[in-house]
>>> print(open('work.tsv').read())   # TSV, C-alpha atoms
chain	number	residue	atom	x	y	z
P	248	LEU	CA	19.76	-79.80	151.50
P	249	GLN	CA	20.04	-83.07	149.59
P	250	LEU	CA	21.56	-84.82	152.60
P	251	PHE	CA	18.83	-83.60	154.94
P	252	ALA	CA	16.22	-84.61	152.34
P	253	GLU	CA	17.60	-88.16	152.23
P	254	ILE	CA	17.67	-88.38	156.02
P	255	GLY	CA	14.07	-87.11	156.14
P	256	ILE	CA	12.92	-89.81	153.73
P	257	ALA	CA	14.80	-92.41	155.78
P	258	ILE	CA	13.08	-91.28	158.98
P	259	LEU	CA	9.68	-91.31	157.22
P	260	LEU	CA	10.17	-94.89	156.04
P	261	PHE	CA	11.52	-95.84	159.46
P	262	LEU	CA	8.31	-94.63	161.11
P	263	VAL	CA	6.18	-96.41	158.48
P	264	GLY	CA	7.99	-99.66	159.29
P	265	LEU	CA	7.57	-98.94	162.98
P	266	LYS	CA	3.78	-99.13	162.59
P	267	LEU	CA	3.80	-102.53	160.87
P	268	ASP	CA	4.23	-104.96	163.72
P	269	VAL	CA	3.65	-108.62	162.85
P	270	THR	CA	0.35	-108.78	164.77
P	271	LEU	CA	-1.02	-105.76	162.89
P	272	VAL	CA	0.04	-107.15	159.50
P	273	ARG	CA	-1.71	-110.44	160.30
P	274	SER	CA	-4.86	-108.62	161.37
P	275	VAL	CA	-5.19	-106.70	158.09
P	276	GLY	CA	-7.14	-109.66	156.73
P	277	THR	CA	-9.12	-110.23	153.59
P	278	VAL	CA	-11.04	-106.93	153.52
P	279	ALA	CA	-8.00	-104.65	153.53
P	280	LEU	CA	-6.04	-107.00	151.27
P	281	ALA	CA	-8.82	-107.23	148.68
P	282	THR	CA	-9.63	-103.52	148.71
P	283	GLY	CA	-5.95	-102.52	148.77
P	284	LEU	CA	-4.78	-104.73	145.92
P	285	GLY	CA	-7.97	-104.11	143.94
P	286	GLN	CA	-7.70	-100.34	144.32
P	287	ILE	CA	-4.01	-100.37	143.35
P	288	ALA	CA	-4.62	-102.53	140.26
P	289	VAL	CA	-7.64	-100.61	138.94
P	290	THR	CA	-6.16	-97.17	139.65
P	291	ALA	CA	-2.83	-98.07	138.02
P	292	VAL	CA	-4.47	-99.46	134.88
P	293	VAL	CA	-6.86	-96.53	134.41
P	294	GLY	CA	-4.12	-94.00	135.20
P	295	PHE	CA	-1.86	-95.73	132.67
P	296	GLY	CA	-4.60	-95.46	130.05
P	297	ILE	CA	-5.23	-91.77	130.74
P	298	ALA	CA	-1.51	-91.01	130.49
P	299	LEU	CA	-1.31	-92.85	127.17
P	300	LEU	CA	-4.27	-90.91	125.80
P	301	PHE	CA	-2.42	-87.67	126.57
P	302	GLY	CA	0.64	-88.80	124.63
P	303	LEU	CA	3.05	-90.17	127.22
P	304	ASP	CA	5.26	-93.07	126.21
P	305	LEU	CA	4.71	-96.54	127.69
P	306	VAL	CA	7.34	-96.30	130.43
P	307	ALA	CA	6.33	-92.82	131.60
P	308	ALA	CA	2.64	-93.74	131.50
P	309	ALA	CA	3.29	-96.88	133.55
P	310	VAL	CA	5.28	-94.94	136.14
P	311	VAL	CA	2.56	-92.27	136.41
P	312	GLY	CA	-0.13	-94.95	136.68
P	313	VAL	CA	1.66	-96.60	139.59
P	314	ALA	CA	2.54	-93.30	141.30
P	315	ILE	CA	-1.08	-92.13	141.56
P	316	THR	CA	-2.26	-95.33	143.28
P	317	PHE	CA	-0.82	-94.52	146.71
P	318	SER	CA	-2.70	-92.42	149.27
P	319	SER	CA	-1.27	-90.27	152.04
P	320	THR	CA	-1.30	-92.02	155.42
P	321	ILE	CA	-0.47	-88.77	157.20
P	322	ILE	CA	-3.40	-86.85	155.67
P	323	VAL	CA	-5.93	-89.68	155.99
P	324	VAL	CA	-5.12	-90.41	159.64
P	325	LYS	CA	-5.04	-86.71	160.58
P	326	LEU	CA	-8.36	-85.81	158.92
P	327	LEU	CA	-10.23	-88.97	159.93
P	328	SER	CA	-8.99	-88.49	163.48
P	329	ASP	CA	-10.21	-84.89	163.49
P	330	GLN	CA	-13.64	-86.10	162.31
P	331	ARG	CA	-13.63	-88.97	164.87
P	332	GLN	CA	-14.07	-91.49	162.05
P	333	LEU	CA	-11.02	-93.69	162.63
P	334	ASP	CA	-13.06	-96.24	164.60
P	335	GLU	CA	-15.92	-96.34	162.13
P	336	LEU	CA	-16.10	-99.12	159.55
P	337	HIS	CA	-14.97	-97.01	156.60
P	338	GLY	CA	-12.14	-95.56	158.71
P	339	ARG	CA	-10.81	-98.99	159.62
P	340	VAL	CA	-11.12	-100.17	156.03
P	341	ALA	CA	-9.16	-97.12	154.86
P	342	LEU	CA	-6.42	-97.71	157.45
P	343	GLY	CA	-6.11	-101.37	156.47
P	344	LEU	CA	-5.92	-100.35	152.81
P	345	LEU	CA	-3.16	-97.86	153.63
P	346	ILE	CA	-1.13	-100.63	155.28
P	347	VAL	CA	-1.42	-102.71	152.12
P	348	GLN	CA	-0.39	-99.69	150.04
P	349	ASP	CA	2.67	-99.09	152.26
P	350	ILE	CA	3.80	-102.69	151.82
P	351	VAL	CA	3.29	-102.56	148.04
P	352	VAL	CA	5.17	-99.27	147.61
P	353	ILE	CA	8.11	-100.67	149.59
P	354	VAL	CA	8.23	-103.72	147.30
P	355	VAL	CA	8.08	-101.47	144.22
P	356	MET	CA	10.92	-99.33	145.56
P	357	ILE	CA	13.05	-102.41	146.31
P	358	VAL	CA	12.64	-103.66	142.75
P	359	LEU	CA	13.26	-100.25	141.15
P	360	THR	CA	16.37	-99.43	143.15
P	361	SER	CA	17.82	-102.91	142.67
P	362	LEU	CA	17.30	-102.89	138.91
P	363	GLY	CA	18.44	-99.28	138.71
P	364	SER	CA	21.67	-99.96	140.58
P	365	GLY	CA	22.38	-102.90	138.32
P	366	ALA	CA	21.83	-100.82	135.19
P	367	ALA	CA	24.00	-98.01	136.57
P	368	ASP	CA	27.02	-100.32	136.71
P	369	GLY	CA	27.36	-99.98	132.95
P	370	ALA	CA	26.93	-103.63	132.07
P	371	THR	CA	23.95	-105.04	130.23
P	372	LEU	CA	21.35	-105.85	132.83
P	373	ASP	CA	20.84	-109.59	133.20
P	374	ILE	CA	17.38	-109.96	134.73
P	375	GLY	CA	18.09	-113.46	136.00
P	376	ALA	CA	21.38	-112.51	137.63
P	377	GLU	CA	19.85	-109.37	139.08
P	378	ALA	CA	16.93	-111.33	140.49
P	379	LEU	CA	19.39	-113.77	142.08
P	380	ARG	CA	21.37	-110.89	143.58
P	381	ILE	CA	18.19	-109.38	145.00
P	382	LEU	CA	17.13	-112.75	146.39
P	383	LEU	CA	20.45	-113.53	148.03
P	384	GLY	CA	21.23	-110.04	149.25
P	385	GLY	CA	17.71	-109.35	150.42
P	386	GLY	CA	17.40	-112.79	151.98
P	387	GLY	CA	20.62	-112.39	153.93
P	388	LEU	CA	19.55	-108.95	155.10
P	389	LEU	CA	16.15	-110.23	156.25
P	390	VAL	CA	17.76	-113.12	158.12
P	391	GLY	CA	20.09	-110.68	159.89
P	392	ILE	CA	17.18	-108.39	160.78
P	393	GLY	CA	15.21	-111.38	162.04
P	394	VAL	CA	18.06	-112.50	164.30
P	395	ALA	CA	18.39	-108.98	165.67
P	396	MET	CA	14.63	-108.77	166.29
P	397	ARG	CA	14.60	-112.05	168.19
P	398	TRP	CA	17.74	-111.96	170.30
P	399	VAL	CA	19.50	-108.57	170.16
P	400	LEU	CA	17.09	-105.64	169.96
P	401	PRO	CA	14.81	-106.46	172.95
P	402	TRP	CA	17.84	-106.78	175.24
P	403	LEU	CA	19.48	-103.67	173.81
P	404	LEU	CA	16.36	-101.51	173.94
P	405	ASP	CA	15.76	-102.33	177.60
P	406	ARG	CA	19.10	-100.71	178.36
P	407	VAL	CA	18.90	-97.81	175.91
P	408	ALA	CA	15.36	-96.84	177.00
P	409	THR	CA	16.54	-95.91	180.48
P	410	SER	CA	17.09	-92.44	178.97
P	411	GLN	CA	14.54	-90.80	176.67
P	412	GLU	CA	17.24	-88.77	174.93
P	413	LEU	CA	19.42	-91.83	174.41
P	414	LEU	CA	16.47	-93.78	172.97
P	415	ILE	CA	15.81	-91.04	170.40
P	416	VAL	CA	19.46	-90.73	169.37
P	417	TRP	CA	19.89	-94.51	169.21
P	418	SER	CA	16.72	-94.89	167.11
P	419	VAL	CA	17.94	-92.34	164.56
P	420	ALA	CA	21.36	-94.02	164.47
P	421	TRP	CA	19.75	-97.44	164.00
P	422	ALA	CA	17.54	-96.19	161.15
P	423	ILE	CA	20.34	-94.43	159.28
P	424	GLY	CA	22.81	-97.25	159.99
P	425	ILE	CA	20.59	-99.94	158.46
P	426	ALA	CA	19.78	-97.54	155.59
P	427	ALA	CA	23.52	-97.14	154.92
P	428	LEU	CA	23.96	-100.93	155.00
P	429	THR	CA	21.25	-101.50	152.41
P	430	ASP	CA	22.80	-98.77	150.25
P	431	VAL	CA	26.12	-100.67	150.33
P	432	LEU	CA	24.29	-103.89	149.41
P	433	GLY	CA	22.78	-102.22	146.34
P	434	PHE	CA	19.33	-101.47	147.69
P	435	SER	CA	18.01	-98.04	148.57
P	436	ILE	CA	18.28	-96.17	151.85
P	437	GLU	CA	14.47	-96.13	151.93
P	438	VAL	CA	14.33	-99.92	152.04
P	439	GLY	CA	16.90	-100.06	154.85
P	440	ALA	CA	15.09	-97.44	156.91
P	441	PHE	CA	11.80	-99.30	156.49
P	442	LEU	CA	13.38	-102.58	157.64
P	443	ALA	CA	14.98	-100.80	160.60
P	444	GLY	CA	11.55	-99.58	161.68
P	445	PHE	CA	9.93	-102.96	161.08
P	446	ALA	CA	12.59	-104.56	163.30
P	447	LEU	CA	11.43	-102.37	166.21
P	448	ALA	CA	7.70	-102.61	165.45
P	449	SER	CA	7.09	-105.60	167.72
P	450	THR	CA	8.87	-104.09	170.72
P	451	ARG	CA	7.10	-102.31	173.55
P	452	TYR	CA	8.96	-99.07	172.79
P	453	ARG	CA	7.59	-98.52	169.28
P	454	GLU	CA	4.93	-95.98	170.30
P	455	GLN	CA	7.48	-94.07	172.37
P	456	VAL	CA	9.95	-93.96	169.48
P	457	HIS	CA	7.23	-93.02	166.97
P	458	ALA	CA	5.97	-90.14	169.10
P	459	SER	CA	9.51	-88.86	169.70
P	460	LEU	CA	10.54	-88.87	166.04
P	461	SER	CA	7.35	-87.58	164.39
P	462	GLY	CA	8.45	-83.96	164.77
P	463	LEU	CA	11.91	-84.71	163.40
P	464	ARG	CA	10.32	-86.50	160.43
P	465	ASP	CA	8.10	-83.53	159.59
P	466	PHE	CA	11.01	-81.11	159.88
P	467	LEU	CA	13.42	-83.11	157.71
P	468	LEU	CA	10.77	-83.86	155.08
P	469	LEU	CA	10.61	-80.12	154.46
P	470	PHE	CA	14.05	-80.42	152.88
P	471	PHE	CA	12.85	-83.15	150.52
P	472	PHE	CA	10.05	-80.92	149.25
P	473	ILE	CA	12.41	-77.93	149.02
P	474	VAL	CA	14.85	-79.95	146.91
P	475	LEU	CA	12.01	-81.34	144.80
P	476	GLY	CA	10.54	-77.90	144.18
P	477	ALA	CA	13.93	-76.37	143.39
P	478	GLU	CA	14.55	-79.00	140.71
P	479	LEU	CA	11.21	-78.52	138.93
P	480	ASP	CA	11.11	-76.86	135.53
P	481	PHE	CA	7.91	-74.86	135.75
P	482	GLY	CA	8.08	-74.06	132.05
P	483	ALA	CA	7.84	-77.77	131.29
P	484	ILE	CA	5.07	-78.30	133.85
P	485	GLY	CA	2.82	-75.88	131.97
P	486	ALA	CA	2.44	-78.35	129.13
P	487	GLN	CA	1.31	-81.02	131.59
P	488	VAL	CA	-1.54	-79.05	133.16
P	489	PRO	CA	-4.35	-80.73	131.13
P	490	LEU	CA	-3.05	-84.21	131.99
P	491	ALA	CA	-2.57	-83.21	135.64
P	492	ILE	CA	-6.18	-82.01	135.81
P	493	ALA	CA	-7.46	-85.21	134.19
P	494	LEU	CA	-5.48	-87.41	136.59
P	495	SER	CA	-6.56	-85.32	139.57
P	496	ILE	CA	-10.24	-85.64	138.63
P	497	PHE	CA	-9.75	-89.38	138.27
P	498	VAL	CA	-8.15	-89.67	141.72
P	499	LEU	CA	-10.76	-87.48	143.43
P	500	VAL	CA	-13.81	-88.95	141.68
P	501	GLY	CA	-12.57	-92.38	140.64
P	502	SER	CA	-11.33	-93.50	144.06
P	503	PRO	CA	-14.83	-93.52	145.64
P	504	ILE	CA	-16.26	-95.26	142.54
P	505	ILE	CA	-13.56	-97.94	142.64
P	506	MET	CA	-14.07	-98.52	146.36
P	507	ILE	CA	-17.85	-98.71	145.96
P	508	GLY	CA	-17.41	-101.39	143.30
P	509	ILE	CA	-14.91	-103.49	145.25
P	510	MET	CA	-16.69	-103.29	148.60
P	511	SER	CA	-20.13	-103.88	147.06
P	512	LEU	CA	-18.79	-107.08	145.51
P	513	MET	CA	-17.70	-108.09	149.03
P	514	GLY	CA	-21.19	-107.40	150.41
P	515	TYR	CA	-20.56	-104.05	152.10
P	516	PRO	CA	-22.87	-101.01	151.85
P	517	ALA	CA	-22.17	-98.61	149.02
P	518	ARG	CA	-22.04	-95.76	151.54
P	519	VAL	CA	-19.12	-97.41	153.36
P	520	GLY	CA	-17.25	-97.86	150.09
P	521	PHE	CA	-17.94	-94.24	149.13
P	522	LEU	CA	-16.68	-92.87	152.47
P	523	ALA	CA	-13.57	-95.07	152.36
P	524	GLY	CA	-12.96	-93.97	148.78
P	525	LEU	CA	-13.20	-90.29	149.69
P	526	ALA	CA	-10.71	-90.87	152.50
P	527	ILE	CA	-8.05	-92.17	150.10
P	528	ALA	CA	-8.81	-89.71	147.27
P	529	GLN	CA	-5.36	-88.11	147.12
P	530	ILE	CA	-1.84	-89.15	146.22
P	531	SER	CA	0.81	-89.35	148.88
P	532	GLU	CA	4.30	-88.26	149.79
P	533	PHE	CA	5.33	-91.77	148.71
P	534	SER	CA	4.14	-90.93	145.19
P	535	LEU	CA	6.61	-88.04	145.10
P	536	ILE	CA	9.41	-90.15	146.57
P	537	LEU	CA	8.69	-92.91	144.04
P	538	ILE	CA	8.61	-90.55	141.05
P	539	ALA	CA	11.85	-88.88	142.20
P	540	LEU	CA	13.42	-92.33	142.47
P	541	THR	CA	12.38	-93.27	138.93
P	542	ARG	CA	13.86	-90.02	137.68
P	543	ASP	CA	17.14	-90.72	139.46
P	544	ILE	CA	17.47	-94.12	137.77
P	545	GLY	CA	16.59	-92.66	134.36
P	546	LEU	CA	13.07	-94.01	133.77
P	547	VAL	CA	11.40	-90.58	133.56
P	548	ASP	CA	12.46	-86.96	133.24
P	549	ASP	CA	11.78	-83.81	135.25
P	550	GLU	CA	8.63	-83.14	133.25
P	551	ILE	CA	6.98	-86.28	134.67
P	552	VAL	CA	8.17	-85.38	138.17
P	553	GLY	CA	6.48	-82.01	137.78
P	554	LEU	CA	3.31	-83.69	136.52
P	555	VAL	CA	2.98	-85.97	139.56
P	556	THR	CA	3.86	-83.10	141.90
P	557	LEU	CA	1.07	-81.01	140.40
P	558	VAL	CA	-1.40	-83.90	140.79
P	559	ALA	CA	-0.31	-84.24	144.42
P	560	LEU	CA	-0.97	-80.55	145.10
P	561	ILE	CA	-4.42	-80.65	143.50
P	562	THR	CA	-5.58	-83.91	145.11
P	563	ILE	CA	-4.26	-83.13	148.58
P	564	ALA	CA	-6.02	-79.76	148.51
P	565	GLY	CA	-9.23	-81.35	147.24
P	566	SER	CA	-9.09	-84.22	149.72
P	567	SER	CA	-8.58	-81.82	152.61
P	568	TYR	CA	-12.00	-80.41	151.77
P	569	LEU	CA	-13.78	-83.66	150.86
P	570	ILE	CA	-12.91	-85.70	153.97
P	571	PRO	CA	-14.33	-83.21	156.54
P	572	HIS	CA	-17.53	-82.99	154.46
P	573	SER	CA	-17.68	-86.69	153.50
P	574	GLU	CA	-20.76	-87.50	155.60
P	575	ALA	CA	-22.72	-84.56	154.17
P	576	ILE	CA	-21.69	-85.48	150.62
P	577	ALA	CA	-22.68	-89.11	151.19
P	578	THR	CA	-26.07	-88.01	152.51
P	579	ARG	CA	-26.63	-85.85	149.43
P	580	LEU	CA	-25.75	-88.82	147.20
P	581	GLU	CA	-27.80	-91.32	149.21
P	582	PRO	CA	-30.39	-91.94	146.44
P	583	LEU	CA	-27.62	-92.67	143.95
P	584	LEU	CA	-25.78	-94.90	146.41
P	585	ASP	CA	-28.99	-96.83	147.08
P	586	ARG	CA	-29.27	-97.65	143.39
P	587	VAL	CA	-25.90	-99.39	143.34
P	588	GLN	CA	-26.45	-101.05	146.71
P	589	ARG	CA	-26.32	-104.80	146.60
P	590	ARG	CA	-29.17	-106.78	148.17
P	591	VAL	CA	-26.87	-108.55	150.61
P	592	THR	CA	-24.94	-106.05	152.71
P	593	ARG	CA	-22.85	-106.09	155.81
P	594	THR	CA	-23.53	-103.17	158.08
P	595	GLU	CA	-21.55	-104.45	161.01
P	596	ALA	CA	-17.81	-104.05	161.49
P	597	PRO	CA	-15.65	-106.88	160.10
P	598	ALA	CA	-14.53	-109.59	162.46
P	599	SER	CA	-11.13	-109.24	164.11
P	600	GLY	CA	-9.55	-111.54	161.56
P	601	GLU	CA	-10.79	-109.36	158.69
P	602	ARG	CA	-9.71	-105.95	159.90
>>> encode(input="work.tsv", output="structure tokens")
Amino acid sequence: LQLFAEIGIAILLFLVGLKLDVTLVRSVGTVALATGLGQIAVTAVVGFGIALLFGLDLVAAAVVGVAITFSSTIIVVKLLSDQRQLDELHGRVALGLLIVQDIVVIVVMIVLTSLGSGAADGATLDIGAEALRILLGGGGLLVGIGVAMRWVLPWLLDRVATSQELLIVWSVAWAIGIAALTDVLGFSIEVGAFLAGFALASTRYREQVHASLSGLRDFLLLFFFIVLGAELDFGAIGAQVPLAIALSIFVLVGSPIIMIGIMSLMGYPARVGFLAGLAIAQISEFSLILIALTRDIGLVDDEIVGLVTLVALITIAGSSYLIPHSEAIATRLEPLLDRVQRRVTRTEAPASGER
């Protein structure tokens, strides 16, 4: 089960990297960057404060604060697509924000796994030496990936793609192979799988590979959640219910408020910020992967894993109701939204360079 869980996470990160082609990353622009980084910063700080108020220590509170900042790309895209809101302004803002979140969570995971592997060696962790190791090892890996992207992968994919079955098998082998390489270099398999996907993101076969592996991803991720659930101490989780409820209310209610504030400062209508905030008002599968990773390197215990898992269950269930009814809720709150509306607004979609 553990092996299948690790492969499932690798495939998930591979598909996330597969969506981030260079052109798309460049097109995210100032709106998504500002809302993404602003939402992450404010949510992490407030979540950290709430966790401290409920008695968690500094490290556990910081980890919880960071974990609740990330929203579920799968849920947001699925529900917005069902409501035909992906092409609306708030839908595009939410998607751009999710791209920024994906990049940030990958960076956080790189740092955590690198520092964790250094501490696991038994020696006193030298931050300077560890930073140098990350820089050299990561730099060499990125150079190798860049060379493969430019001169090897396009030629190779043209030959592999002559068979749909061969393309699928080769893609899985490529993802797990690069993940194994990064594991040898002292990084995590998640980082390697993400880079493997990013290496293929600019090729013309990325949509074909993504569509072919989505079912395999969903199937293998079941094993991750089975393993996670089997390791939970439900007796310990009971003591965390009040904190889980407080954090869940903050995610469900605070996300729209944070987005209204950030987007109003940028001149956008409060309604757009509210709808974008409702779209991201849940924590993601990455939150669970991140909290499991921090447990594995000794930063938190199973009690904190159970806490974040409980928050995920509550917020995902709540978000699944809020997103389909977001327009009706926004209409009900229209008088309140008008009060916080700035005088200068932008009702049109952002320019192509800002999306």
>>> residues_around(input="work.tsv", residues="P:Ile287", least_positions_apart="4", cutoff="9 Å", atoms="all atoms listed in the file", output="PyMOL selection string")
chain P and resi 282-283+291-292+313+315-317+348+351
>>> atom_distance(input="work.tsv", atom1="atom CA of P:Ala395", atom2="atom CA of P:Ala446")
7.7 Å
>>> closest_residue(input="work.tsv", among="P:Asp430, P:Asp549, P:Asp304, P:Asp585", to="P:Gly476", atoms="all atoms listed in the file")
P:Asp549
>>> residues_around(input="work.tsv", residues="P:Leu494", least_positions_apart="5", cutoff="9 Å", atoms="all atoms listed in the file", output="MDAnalysis selection string")
chainID P and resid 294 297:298 315 489 499 558
>>> atom_distance(input="work.tsv", atom1="atom CA of P:Gly501", atom2="atom CA of P:Ala528")
8.1 Å
>>> atom_distance(input="work.tsv", atom1="atom CA of P:Ile536", atom2="atom CA of P:His572")
29.0 Å
>>> axis_aligned_box(input="work.tsv", around="stretch 545-557 of chain P", padding_each_side="8 Å", output="lines of an AutoDock Vina configuration file")
center_x = 8.8
center_y = -87.5
center_z = 137.6
size_x = 31.5
size_y = 29.0
size_z = 24.7
>>> closest_residue(input="work.tsv", among="P:Val431, P:Ile350, P:Leu447, P:Ile321", to="P:Leu400", atoms="all atoms listed in the file")
P:Leu447
>>> residues_near_point(input="work.tsv", point="(11.4, -107.3, 166.4)", cutoff="9 Å", atoms="all atoms listed in the file", output="VMD selection string")
chain P and resid 268 to 269 392 to 398 400 to 401 445 to 450
>>> decode(input="work.tsv", residues="stretch 316-336 of chain P", atoms="C-alpha atoms", output="PDB file, in the first residue's frame")
ATOM      1  CA  THR P 316      -3.101  27.880   2.533  1.00  0.00           C
ATOM      2  CA  PHE P 317      -3.293  25.532  -0.457  1.00  0.00           C
ATOM      3  CA  SER P 318      -6.524  24.908  -2.366  1.00  0.00           C
ATOM      4  CA  SER P 319      -7.530  21.831  -4.335  1.00  0.00           C
ATOM      5  CA  THR P 320      -6.964  22.243  -8.069  1.00  0.00           C
ATOM      6  CA  ILE P 321      -8.965  19.093  -8.803  1.00  0.00           C
ATOM      7  CA  ILE P 322     -12.051  20.267  -6.887  1.00  0.00           C
ATOM      8  CA  VAL P 323     -11.918  23.870  -8.109  1.00  0.00           C
ATOM      9  CA  VAL P 324     -11.515  22.944 -11.779  1.00  0.00           C
ATOM     10  CA  LYS P 325     -14.196  20.236 -11.596  1.00  0.00           C
ATOM     11  CA  LEU P 326     -16.828  22.389  -9.866  1.00  0.00           C
ATOM     12  CA  LEU P 327     -16.132  25.584 -11.819  1.00  0.00           C
ATOM     13  CA  SER P 328     -16.255  23.574 -15.031  1.00  0.00           C
ATOM     14  CA  ASP P 329     -19.599  22.065 -14.041  1.00  0.00           C
ATOM     15  CA  GLN P 330     -20.939  25.584 -13.382  1.00  0.00           C
ATOM     16  CA  ARG P 331     -19.421  26.891 -16.666  1.00  0.00           C
ATOM     17  CA  GLN P 332     -17.465  29.510 -14.722  1.00  0.00           C
ATOM     18  CA  LEU P 333     -13.917  28.649 -15.803  1.00  0.00           C
ATOM     19  CA  ASP P 334     -13.929  31.344 -18.505  1.00  0.00           C
ATOM     20  CA  GLU P 335     -15.407  34.024 -16.273  1.00  0.00           C
ATOM     21  CA  LEU P 336     -13.136  36.576 -14.622  1.00  0.00           C
TER      22      LEU P 336
END
